[in-house]
Amino acid sequence: FEKGDERYIQSFKLLNDTLNGIHSGNGNFQISAHSGVGKSTITLSIVMGMIESGRKVLIVSNEQEVTYFKNMLSAYVCNHVYRCYTISRKRIENNSLNDDEKVVLAMANDFIKEKYENNLMFLGVGDFDLPKIFKYVKRLKLMGLCDTLVLDTMKPDSEALGNSGQSALNMVAISRDLDKFGRENDIITICTSQLATYSEGQGFLNASVLSQGKATKEVAGVLLLFRNVYSNIELNK
């Protein structure tokens, strides 16, 4: 490692100890939170740890642009590898870095190219078309380029129609198809989804707060729910 890399520890120790790692064939790894809390950031952090363990990851996003993830990754490395905490994703997007920060960003991009270029791919999609996504992933799998699939964010097509009942059924179908695909092709499947808005401010989270389709937990090998820290509960403010 170059100078500065020794500070870089990519791991969620509590999560790792609890799960003993993430494995294929054990159901979907589902990450759920309210909008804007940081599902994509947490997911990317987990993915980076998996890449450190030798996994090859494809992130398919129907919500965020590829540039969004790349800037997020650059900002993460600037913060956690080179300890430059003034650099954020938004400042990178706005091109508002000073000369010293631009030097750090260049170092971070070199770091990313060396460590992740051949092990992390992004695919931006306009429609949530699972058959097309599966076909693409299978091709990458045969080429030895992918063994982990991340879907961010999992949403049913009918959601746009406002039919919440049908959307719930679609969410279950999507989860089952994703689980089946992962088991049949020995691919780790990770997906993100949103929590129901009514649960904002709620202290304890369980599967009942999954937005449109809590039955998806039946095919979730791991269900990770998280929220913002509430100052009136955790911080006594």
# chains A, B, ... in the order shown; residues from 1 in each chain; ligands from 1
>>> residues_around(residues="Ile22 in chain A", least_positions_apart="5", cutoff="9 Å", atoms="only C-alpha atoms", output="MDAnalysis selection string")
chainID A and resid 16 29 50 188 222
>>> closest_atom_pairs(of="range 95-210 of chain A", to="range 75-85 of chain A", cutoff="9 Å", atoms="only C-alpha atoms", output="tab-separated table")
residue	atom	partner	partner_atom	distance
A:Glu101	CA	A:Cys84	CA	7.7
A:Val104	CA	A:Cys78	CA	6.5
A:Leu105	CA	A:Cys78	CA	6.4
A:Met107	CA	A:Cys78	CA	8.2
A:Ala108	CA	A:Cys78	CA	5.7
A:Asn109	CA	A:Val77	CA	8.4
A:Phe111	CA	A:Val77	CA	8.0
A:Ile112	CA	A:Val77	CA	7.9
>>> closest_residue(among="A:Ser175, A:Thr148, A:Asn170, A:Asn119", to="Thr192 in chain A", atoms="only C-alpha atoms")
A:Ser175
>>> atom_distance(atom1="CA of Leu120 in chain A", atom2="CA of Leu140 in chain A")
11.9 Å
>>> residues_around(residues="Arg176 in chain A", least_positions_apart="2", cutoff="12 Å", atoms="only C-alpha atoms", output="JSON, numbers by chain")
{"A": [27, 28, 130, 169, 170, 171, 172, 173, 174, 178, 179, 180, 181, 182, 183, 189, 213, 215, 216, 217, 218, 219, 220, 221]}
>>> residues_around(residues="Met48 in chain A", least_positions_apart="4", cutoff="12 Å", atoms="only C-alpha atoms", output="PyMOL selection string")
chain A and resi 8-12+41-44+52-59+72-73+76-77+112+115-117+119-121+148
>>> select_by_dssp(residues="range 169-236 of chain A", states="alpha helix (DSSP H)", output="MDAnalysis selection string")
chainID A and resid 169:185 231:234
>>> atom_distance(atom1="CA of Asn185 in chain A", atom2="CA of Lys135 in chain A")
11.3 Å
>>> residues_around(residues="range 203-211 of chain A", least_positions_apart="3", cutoff="8 Å", atoms="only C-alpha atoms", output="ChimeraX atom specification")
/A:32,193-197,199,214,217,225-226,230,233
>>> select_by_dssp(residues="range 66-202 of chain A", states="strand (DSSP E)", output="JSON, numbers by chain")
{"A": [120, 121, 122, 123, 124, 148, 149, 150, 151, 152, 188, 189, 190, 191, 192, 193, 194]}
